[in-house]
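Engineer: So here's upload_30.csv, just CSV, C-alpha atoms:
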```csv
chain,number,residue,atom,x,y,z
A,966,GLY,CA,111.6,107.2,100.1
A,967,ALA,CA,108.5,105.3,99.2
A,968,GLY,CA,107.4,104.2,102.6
A,969,VAL,CA,106.0,105.8,105.8
A,970,SER,CA,108.7,107.4,107.8
A,971,GLN,CA,108.7,108.5,111.4
A,972,SER,CA,111.0,110.6,113.6
A,973,PRO,CA,112.6,110.4,116.0
A,974,ARG,CA,113.0,106.7,116.1
A,975,TYR,CA,113.7,106.8,119.8
A,976,LYS,CA,112.9,109.4,122.4
A,977,VAL,CA,113.7,109.5,126.1
A,978,ALA,CA,111.8,112.1,128.1
A,979,LYS,CA,111.7,113.0,131.7
A,980,ARG,CA,108.3,112.8,133.3
A,981,GLY,CA,106.4,116.1,132.8
A,982,GLN,CA,108.2,116.9,129.6
A,983,ASP,CA,106.4,117.6,126.3
A,984,VAL,CA,107.2,115.5,123.2
A,985,ALA,CA,106.3,115.7,119.5
A,986,LEU,CA,106.4,112.7,117.2
A,987,ARG,CA,106.4,113.2,113.5
A,988,CYS,CA,104.9,111.0,110.7
A,989,ASP,CA,105.5,111.4,107.0
A,990,PRO,CA,103.0,109.2,105.1
A,991,ILE,CA,103.3,107.8,101.7
A,992,SER,CA,102.8,110.7,99.2
A,993,GLY,CA,99.2,111.0,98.0
A,994,HIS,CA,97.8,108.9,100.8
A,995,VAL,CA,94.5,110.4,102.0
A,996,SER,CA,94.1,108.5,105.3
A,997,LEU,CA,96.5,108.6,108.2
A,998,PHE,CA,96.3,106.7,111.5
A,999,TRP,CA,98.2,106.8,114.8
A,1000,TYR,CA,98.5,103.7,117.0
A,1001,GLN,CA,100.1,103.1,120.4
A,1002,GLN,CA,101.7,99.7,121.0
A,1003,ALA,CA,102.6,98.6,124.5
A,1004,LEU,CA,105.3,95.9,125.0
A,1005,GLY,CA,103.9,92.5,124.1
A,1006,GLN,CA,100.6,93.8,122.9
A,1007,GLY,CA,99.0,94.6,119.5
A,1008,PRO,CA,98.8,98.2,118.4
A,1009,GLU,CA,95.8,100.2,119.7
A,1010,PHE,CA,94.1,102.9,117.7
A,1011,LEU,CA,94.6,106.5,118.7
A,1012,THR,CA,93.3,108.8,116.0
A,1013,TYR,CA,92.5,109.0,112.3
A,1014,PHE,CA,92.8,111.7,109.7
A,1015,GLN,CA,91.2,112.0,106.3
A,1016,ASN,CA,93.4,114.7,104.6
A,1017,GLU,CA,93.6,117.5,107.2
A,1018,ALA,CA,90.4,116.6,108.9
A,1019,GLN,CA,90.7,114.6,112.2
A,1020,LEU,CA,87.6,112.4,111.9
A,1021,ASP,CA,88.1,110.1,114.9
A,1022,LYS,CA,90.1,110.8,118.0
A,1023,SER,CA,88.3,108.4,120.2
A,1024,GLY,CA,91.4,106.4,121.1
A,1025,LEU,CA,93.4,109.3,122.5
A,1026,PRO,CA,93.9,108.3,126.2
A,1027,SER,CA,93.7,111.7,127.7
A,1028,ASP,CA,93.6,115.4,126.8
A,1029,ARG,CA,97.4,115.4,127.1
A,1030,PHE,CA,97.5,113.8,123.7
A,1031,PHE,CA,97.0,116.0,120.6
A,1032,ALA,CA,97.4,115.2,116.9
A,1033,GLU,CA,97.4,117.4,113.9
A,1034,ARG,CA,97.8,117.2,110.1
A,1035,PRO,CA,97.4,120.8,109.0
A,1036,GLU,CA,98.2,120.4,105.3
A,1037,GLY,CA,96.9,116.9,104.8
A,1038,SER,CA,100.3,115.3,104.6
A,1039,VAL,CA,102.8,115.3,107.5
A,1040,SER,CA,101.2,114.6,110.9
A,1041,THR,CA,102.5,115.3,114.4
A,1042,LEU,CA,101.4,113.6,117.6
A,1043,LYS,CA,102.1,115.7,120.7
A,1044,ILE,CA,102.1,114.5,124.2
A,1045,GLN,CA,102.1,117.1,127.0
A,1046,ARG,CA,103.3,116.5,130.5
A,1047,THR,CA,104.4,113.0,129.7
A,1048,GLN,CA,103.8,110.2,132.3
A,1049,GLN,CA,105.5,106.9,132.7
A,1050,GLU,CA,102.5,105.1,131.4
A,1051,ASP,CA,103.0,106.9,128.1
A,1052,SER,CA,106.0,104.7,127.4
A,1053,ALA,CA,105.3,102.7,124.3
A,1054,VAL,CA,105.9,102.5,120.6
A,1055,TYR,CA,103.9,105.0,118.6
A,1056,LEU,CA,103.1,103.8,115.1
A,1057,CYS,CA,101.8,105.8,112.2
A,1058,ALA,CA,100.1,104.2,109.2
A,1059,SER,CA,98.7,105.6,105.9
A,1060,SER,CA,96.3,104.3,103.2
A,1061,LEU,CA,95.5,105.5,99.8
A,1062,GLY,CA,91.8,106.0,100.0
A,1063,GLY,CA,89.6,108.2,102.1
A,1064,GLN,CA,87.7,105.5,104.0
A,1065,GLY,CA,90.8,103.8,105.4
A,1066,GLU,CA,89.6,100.3,104.6
A,1067,GLU,CA,92.4,99.6,102.2
A,1068,THR,CA,95.8,98.1,103.2
A,1069,GLN,CA,97.4,100.3,105.8
A,1070,TYR,CA,101.2,100.8,105.4
A,1071,PHE,CA,103.0,101.3,108.7
A,1072,GLY,CA,106.1,103.3,109.6
A,1073,PRO,CA,108.9,101.9,111.8
A,1074,GLY,CA,107.5,103.6,114.9
A,1075,THR,CA,108.8,105.9,117.5
A,1076,ARG,CA,109.8,104.2,120.8
A,1077,LEU,CA,109.1,106.6,123.7
A,1078,LEU,CA,110.5,106.0,127.1
A,1079,VAL,CA,109.4,108.3,129.9
A,1080,LEU,CA,111.6,108.2,133.0
B,1049,LYS,CA,83.3,96.9,121.3
B,1050,GLN,CA,85.3,94.7,118.9
B,1051,GLU,CA,87.8,92.3,120.5
B,1052,VAL,CA,90.4,90.3,118.6
B,1053,THR,CA,92.0,87.2,120.1
B,1054,GLN,CA,95.0,85.3,118.8
B,1055,ILE,CA,95.9,81.7,119.7
B,1056,PRO,CA,98.6,80.6,120.5
B,1057,ALA,CA,100.5,83.5,121.9
B,1058,ALA,CA,103.8,81.8,121.0
B,1059,LEU,CA,104.7,78.9,118.8
B,1060,SER,CA,108.0,77.2,118.1
B,1061,VAL,CA,108.3,74.7,115.1
B,1062,PRO,CA,111.1,73.0,113.2
B,1063,GLU,CA,112.0,74.2,109.8
B,1064,GLY,CA,109.9,72.8,107.0
B,1065,GLU,CA,106.7,72.3,109.1
B,1066,ASN,CA,103.4,73.6,108.0
B,1067,LEU,CA,101.6,75.6,110.6
B,1068,VAL,CA,98.3,77.4,111.4
B,1069,LEU,CA,97.8,80.6,113.3
B,1070,ASN,CA,94.3,81.4,114.6
B,1071,CYS,CA,92.4,84.7,115.1
B,1072,SER,CA,88.9,85.2,116.4
B,1073,PHE,CA,86.9,88.4,116.6
B,1074,THR,CA,83.7,89.2,118.5
B,1075,ASP,CA,81.8,91.5,116.1
B,1076,SER,CA,81.2,90.0,112.6
B,1077,ALA,CA,80.3,93.4,111.1
B,1078,ILE,CA,83.7,93.9,109.6
B,1079,TYR,CA,84.9,95.4,106.3
B,1080,ASN,CA,88.1,93.4,106.1
B,1081,LEU,CA,90.7,91.4,108.0
B,1082,GLN,CA,94.4,91.9,107.6
B,1083,TRP,CA,97.4,89.8,108.7
B,1084,PHE,CA,100.6,91.6,109.5
B,1085,ARG,CA,104.1,90.6,110.3
B,1086,GLN,CA,106.2,92.5,112.9
B,1087,ASP,CA,109.9,91.9,113.3
B,1088,PRO,CA,111.6,93.0,116.6
B,1089,GLY,CA,112.0,96.8,116.7
B,1090,LYS,CA,110.3,97.3,113.4
B,1091,GLY,CA,107.0,98.4,112.1
B,1092,LEU,CA,104.2,96.2,110.7
B,1093,THR,CA,104.3,94.7,107.2
B,1094,SER,CA,101.0,93.8,105.6
B,1095,LEU,CA,100.9,90.2,104.5
B,1096,LEU,CA,97.3,89.6,103.3
B,1097,LEU,CA,94.0,91.5,103.3
B,1098,ILE,CA,90.7,89.6,103.0
B,1099,GLN,CA,87.6,91.6,102.2
B,1100,SER,CA,84.5,90.7,104.1
B,1101,SER,CA,83.0,89.2,100.9
B,1102,GLN,CA,86.0,86.9,100.4
B,1103,ARG,CA,86.8,83.5,101.9
B,1104,GLU,CA,90.5,83.4,101.4
B,1105,GLN,CA,93.6,85.1,100.0
B,1106,THR,CA,96.9,83.5,99.0
B,1107,SER,CA,100.4,85.0,98.7
B,1108,GLY,CA,103.3,82.6,98.1
B,1109,ARG,CA,103.5,80.2,101.0
B,1110,LEU,CA,100.8,82.1,102.9
B,1111,ASN,CA,97.1,81.4,102.8
B,1112,ALA,CA,94.6,83.3,105.0
B,1113,SER,CA,91.0,82.2,105.3
B,1114,LEU,CA,88.0,84.1,106.7
B,1115,ASP,CA,84.7,82.8,108.2
B,1116,LYS,CA,83.0,86.1,109.0
B,1117,SER,CA,79.8,84.5,110.4
B,1118,SER,CA,81.8,82.5,113.0
B,1119,GLY,CA,84.3,85.3,113.6
B,1120,ARG,CA,87.4,83.4,112.7
B,1121,SER,CA,90.4,83.6,110.5
B,1122,THR,CA,93.4,81.4,110.1
B,1123,LEU,CA,96.8,82.1,108.6
B,1124,TYR,CA,98.4,79.0,107.1
B,1125,ILE,CA,102.2,79.0,106.5
B,1126,ALA,CA,103.5,76.2,104.3
B,1127,ALA,CA,107.0,74.8,104.5
B,1128,SER,CA,108.1,77.2,107.3
B,1129,GLN,CA,111.6,78.8,107.2
B,1130,PRO,CA,113.8,80.4,109.9
B,1131,GLY,CA,113.2,83.7,108.1
B,1132,ASP,CA,109.5,83.4,108.9
B,1133,SER,CA,110.3,84.0,112.6
B,1134,ALA,CA,108.4,87.1,113.7
B,1135,THR,CA,105.2,88.1,115.5
B,1136,TYR,CA,102.1,87.7,113.4
B,1137,LEU,CA,99.2,90.1,114.1
B,1138,CYS,CA,95.6,89.8,113.0
B,1139,ALA,CA,93.5,93.0,112.7
B,1140,VAL,CA,90.0,93.7,111.7
B,1141,TYR,CA,88.7,96.9,110.1
B,1142,SER,CA,85.2,97.8,111.3
B,1143,GLY,CA,83.9,100.5,109.0
B,1144,SER,CA,81.7,102.1,111.6
B,1145,ALA,CA,84.7,102.8,113.8
B,1146,ARG,CA,87.1,103.5,110.9
B,1147,GLN,CA,89.9,101.8,112.8
B,1148,LEU,CA,91.9,98.6,112.9
B,1149,THR,CA,91.5,96.5,116.0
B,1150,PHE,CA,94.4,94.2,116.6
B,1151,GLY,CA,95.0,91.0,118.4
B,1152,SER,CA,98.0,90.6,120.7
B,1153,GLY,CA,99.8,88.5,118.2
B,1154,THR,CA,101.5,85.1,117.9
B,1155,GLN,CA,105.2,85.0,118.3
B,1156,LEU,CA,106.5,82.4,115.8
B,1157,THR,CA,110.0,80.9,116.0
B,1158,VAL,CA,111.1,78.5,113.2
B,1159,LEU,CA,114.1,76.5,114.3
B,1160,PRO,CA,116.7,75.6,111.7
```
Before anything else, please render the file you have as structure tokens.
Structural biologist:
Amino acid sequence: GAGVSQSPRYKVAKRGQDVALRCDPISGHVSLFWYQQALGQGPEFLTYFQNEAQLDKSGLPSDRFFAERPEGSVSTLKIQRTQQEDSAVYLCASSLGGQGEETQYFGPGTRLLVL
Amino acid sequence: KQEVTQIPAALSVPEGENLVLNCSFTDSAIYNLQWFRQDPGKGLTSLLLIQSSQREQTSGRLNASLDKSSGRSTLYIAASQPGDSATYLCAVYSGSARQLTFGSGTQLTVLP
């Protein structure tokens, strides 16, 4: 497809379980972003990649969160030892250029529920 | 730290009405401002992007303005339709931080 895709769309995890969320950006897009969106709030920045380089991870809430983009295309956001406060929608976005200032195209998100 | 505020949080209007959504931001050192639409359970769809050097952008029935010095933007929707019902999010891109900072959104309901 032509858009950003994310999988799984829904994930239910027991507290303490590790989860991995996948993002497939638009082909050829250099910049990739992860955001976390709590219910009723706007998305909040987590991390930014330019190709395979993670240039900004200042938004990751704790060292339980880890993101990678090893080949500069697909990215995975991993959350270790999930907590109830991790429940949110995780959005991935990509943009064409290397600075990230162009239009960002968002995926449908992964809705994570931690019980 | 950049903060983005959107007013009102929710708005309900009859079909056909023109309406304005407001967005304000605290740090005027931005590269651009984007307006997004989010439907329930869906991702975000970019509606308009205004570069910091621009004053407005138009797409169909939508017009977005930017006053960078005062830290304000408005999204004008003409002749609203029920299909416009969604949450509208404003976001600013601050180049130094290389990230979008979002407001909490305005939930719009257009009544038929």
Engineer: Have a look at A:Asp989, A:Glu1009, A:Glu1033, A:Asp983 and name the one nearest to chain B; count only C-alpha atoms.
Structural biologist: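 Answer, going by the shortest atom-to-atom distance: A:Glu1009.
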Engineer: Show me a table, sorted first by chain and then by increasing residue number, of the residues of chain A having an atom at most 6 Å from chain B, each with its shortest atom pair and the distance in Å to one decimal, counting only C-alpha atoms and written as a tab-separated table.
Structural biologist:
```
residue	atom	partner	partner_atom	distance
A:Gln1006	CA	B:Ser1152	CA	4.7
A:Gly1007	CA	B:Ser1152	CA	4.3
A:Phe1071	CA	B:Leu1092	CA	5.6
A:Gly1072	CA	B:Gly1091	CA	5.6
A:Pro1073	CA	B:Gly1091	CA	4.0
A:Gly1074	CA	B:Gly1091	CA	5.9
```
Engineer: Here is a test: counting all atoms listed in the file, which residue of A:Glu1017, A:Asp1051, A:Glu1036, A:Asp1028 is nearest to Lys976 (chain A)?
Structural biologist: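 When distances to Lys976 (chain A) are compared using all atoms listed in the file, the smallest one comes from A:Asp1051.
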Engineer: I want to know what sits within 12 Å of Lys1116 (chain B), based on only C-alpha atoms, with residues of the same chain fewer than 2 positions away left out; could you give that as a short mmCIF file (atom, residue, chain, number, x, y, z; two decimals) with C-alpha atoms, in the frame of the given file?
Structural biologist:
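As written to disk, result-v5.cif reads:
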```
data_model
loop_
_atom_site.label_atom_id
_atom_site.label_comp_id
_atom_site.auth_asym_id
_atom_site.auth_seq_id
_atom_site.Cartn_x
_atom_site.Cartn_y
_atom_site.Cartn_z
CA CYS B 1071 92.40 84.70 115.10
CA SER B 1072 88.90 85.20 116.40
CA PHE B 1073 86.90 88.40 116.60
CA THR B 1074 83.70 89.20 118.50
CA ASP B 1075 81.80 91.50 116.10
CA SER B 1076 81.20 90.00 112.60
CA ALA B 1077 80.30 93.40 111.10
CA ILE B 1078 83.70 93.90 109.60
CA TYR B 1079 84.90 95.40 106.30
CA ASN B 1080 88.10 93.40 106.10
CA LEU B 1081 90.70 91.40 108.00
CA ILE B 1098 90.70 89.60 103.00
CA GLN B 1099 87.60 91.60 102.20
CA SER B 1100 84.50 90.70 104.10
CA SER B 1101 83.00 89.20 100.90
CA GLN B 1102 86.00 86.90 100.40
CA ARG B 1103 86.80 83.50 101.90
CA GLU B 1104 90.50 83.40 101.40
CA SER B 1113 91.00 82.20 105.30
CA LEU B 1114 88.00 84.10 106.70
CA SER B 1118 81.80 82.50 113.00
CA GLY B 1119 84.30 85.30 113.60
CA ARG B 1120 87.40 83.40 112.70
CA SER B 1121 90.40 83.60 110.50
CA THR B 1122 93.40 81.40 110.10
CA VAL B 1140 90.00 93.70 111.70
#
```
Engineer: Residues within 10 Å of (91.8, 107.5, 113.3), file coordinates, counting all atoms listed in the file: what are they? Give the list as a PDB file with C-alpha atoms, in the coordinates of the input.
Structural biologist:
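Just written: point00.pdb:
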```pdb
ATOM      1  CA  SER A 996      94.100 108.500 105.300  1.00  0.00           C
ATOM      2  CA  LEU A 997      96.500 108.600 108.200  1.00  0.00           C
ATOM      3  CA  PHE A 998      96.300 106.700 111.500  1.00  0.00           C
ATOM      4  CA  TRP A 999      98.200 106.800 114.800  1.00  0.00           C
ATOM      5  CA  TYR A1000      98.500 103.700 117.000  1.00  0.00           C
ATOM      6  CA  PHE A1010      94.100 102.900 117.700  1.00  0.00           C
ATOM      7  CA  LEU A1011      94.600 106.500 118.700  1.00  0.00           C
ATOM      8  CA  THR A1012      93.300 108.800 116.000  1.00  0.00           C
ATOM      9  CA  TYR A1013      92.500 109.000 112.300  1.00  0.00           C
ATOM     10  CA  PHE A1014      92.800 111.700 109.700  1.00  0.00           C
ATOM     11  CA  GLN A1015      91.200 112.000 106.300  1.00  0.00           C
ATOM     12  CA  GLN A1019      90.700 114.600 112.200  1.00  0.00           C
ATOM     13  CA  LEU A1020      87.600 112.400 111.900  1.00  0.00           C
ATOM     14  CA  ASP A1021      88.100 110.100 114.900  1.00  0.00           C
ATOM     15  CA  LYS A1022      90.100 110.800 118.000  1.00  0.00           C
ATOM     16  CA  SER A1023      88.300 108.400 120.200  1.00  0.00           C
ATOM     17  CA  GLY A1024      91.400 106.400 121.100  1.00  0.00           C
ATOM     18  CA  LEU A1025      93.400 109.300 122.500  1.00  0.00           C
ATOM     19  CA  ALA A1058     100.100 104.200 109.200  1.00  0.00           C
ATOM     20  CA  GLY A1065      90.800 103.800 105.400  1.00  0.00           C
TER      21      GLY A1065
ATOM     22  CA  ALA B1145      84.700 102.800 113.800  1.00  0.00           C
ATOM     23  CA  ARG B1146      87.100 103.500 110.900  1.00  0.00           C
ATOM     24  CA  GLN B1147      89.900 101.800 112.800  1.00  0.00           C
ATOM     25  CA  LEU B1148      91.900  98.600 112.900  1.00  0.00           C
TER      26      LEU B1148
END
```
Engineer: At a cut-off of 8 Å, using all atoms listed in the file, what residues contact Leu1004 (chain A)? Leave out same-chain residues fewer than 2 positions from it and give the result as JSON, numbers by chain.
Structural biologist: {"A": [1002, 1006, 1053, 1054]}
Engineer: So how many Å separate CA of Leu1077 (chain A) and CA of Gln1054 (chain B), to one decimal?
Structural biologist: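 A separation of 26.0 Å between them.
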Engineer: Quick one: residues within 10 Å of Ser992 (chain A), only C-alpha atoms counted, chain neighbours fewer than 3 positions away excluded, as a list in words?
Structural biologist: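 Close residues of Ser992 (chain A): Gly966, Ala967, Gly968, Val969, Asp989, Val995, Ser1038, Val1039, Ser1059, Ser1060 and Leu1061 of chain A.
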Engineer: When distances are computed from only C-alpha atoms, which of B:Asp1087, B:Glu1051, B:Asp1132, B:Asp1115 shows the smallest separation from Asn1066 (chain B)?
Structural biologist: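 For Asn1066 (chain B), the nearest of the given residues is B:Asp1132.
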Engineer: Within 12 Å of Glu1050 (chain A), counting only C-alpha atoms, which residues qualify if same-chain residues fewer than 2 places away don't, as number ranges by chain?
Structural biologist: A: 980-981, 1001-1004, 1026-1027, 1044, 1046-1048, 1052-1054, 1077-1080
Engineer: Can you work out the spacing between CA of Pro973 (chain A) and CA of Gln1069 (chain A) in Å, to one decimal?
Structural biologist: 20.9 Å
Engineer: At what distance in Å, to one decimal, does CA of Tyr1055 (chain A) lie from CA of Pro1130 (chain B)?
Structural biologist: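 Answer for the CA of Pro1130 (chain B) to CA of Tyr1055 (chain A) separation: 27.9 Å.
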Engineer: I need the residue nearest Ser970 (chain A) from this list: A:Glu1066, A:Val984, A:Gly1037, A:Leu1056. Use all atoms listed in the file for the distance.
Structural biologist: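 Ranking A:Glu1066, A:Val984, A:Gly1037, A:Leu1056 by distance to Ser970 (chain A), first place goes to A:Leu1056.
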Engineer: Write out as a short mmCIF file (atom, residue, chain, number, x, y, z; two decimals) with C-alpha atoms, in the coordinates of the input the residues lying within 7 Å of Leu1067 (chain B), counting only C-alpha atoms and excluding same-chain residues fewer than 3 positions away.
Structural biologist:
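What landed in selection-v8.cif:
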```cif
data_model
loop_
_atom_site.label_atom_id
_atom_site.label_comp_id
_atom_site.auth_asym_id
_atom_site.auth_seq_id
_atom_site.Cartn_x
_atom_site.Cartn_y
_atom_site.Cartn_z
CA TYR B 1124 98.40 79.00 107.10
CA ILE B 1125 102.20 79.00 106.50
CA ALA B 1126 103.50 76.20 104.30
#
```
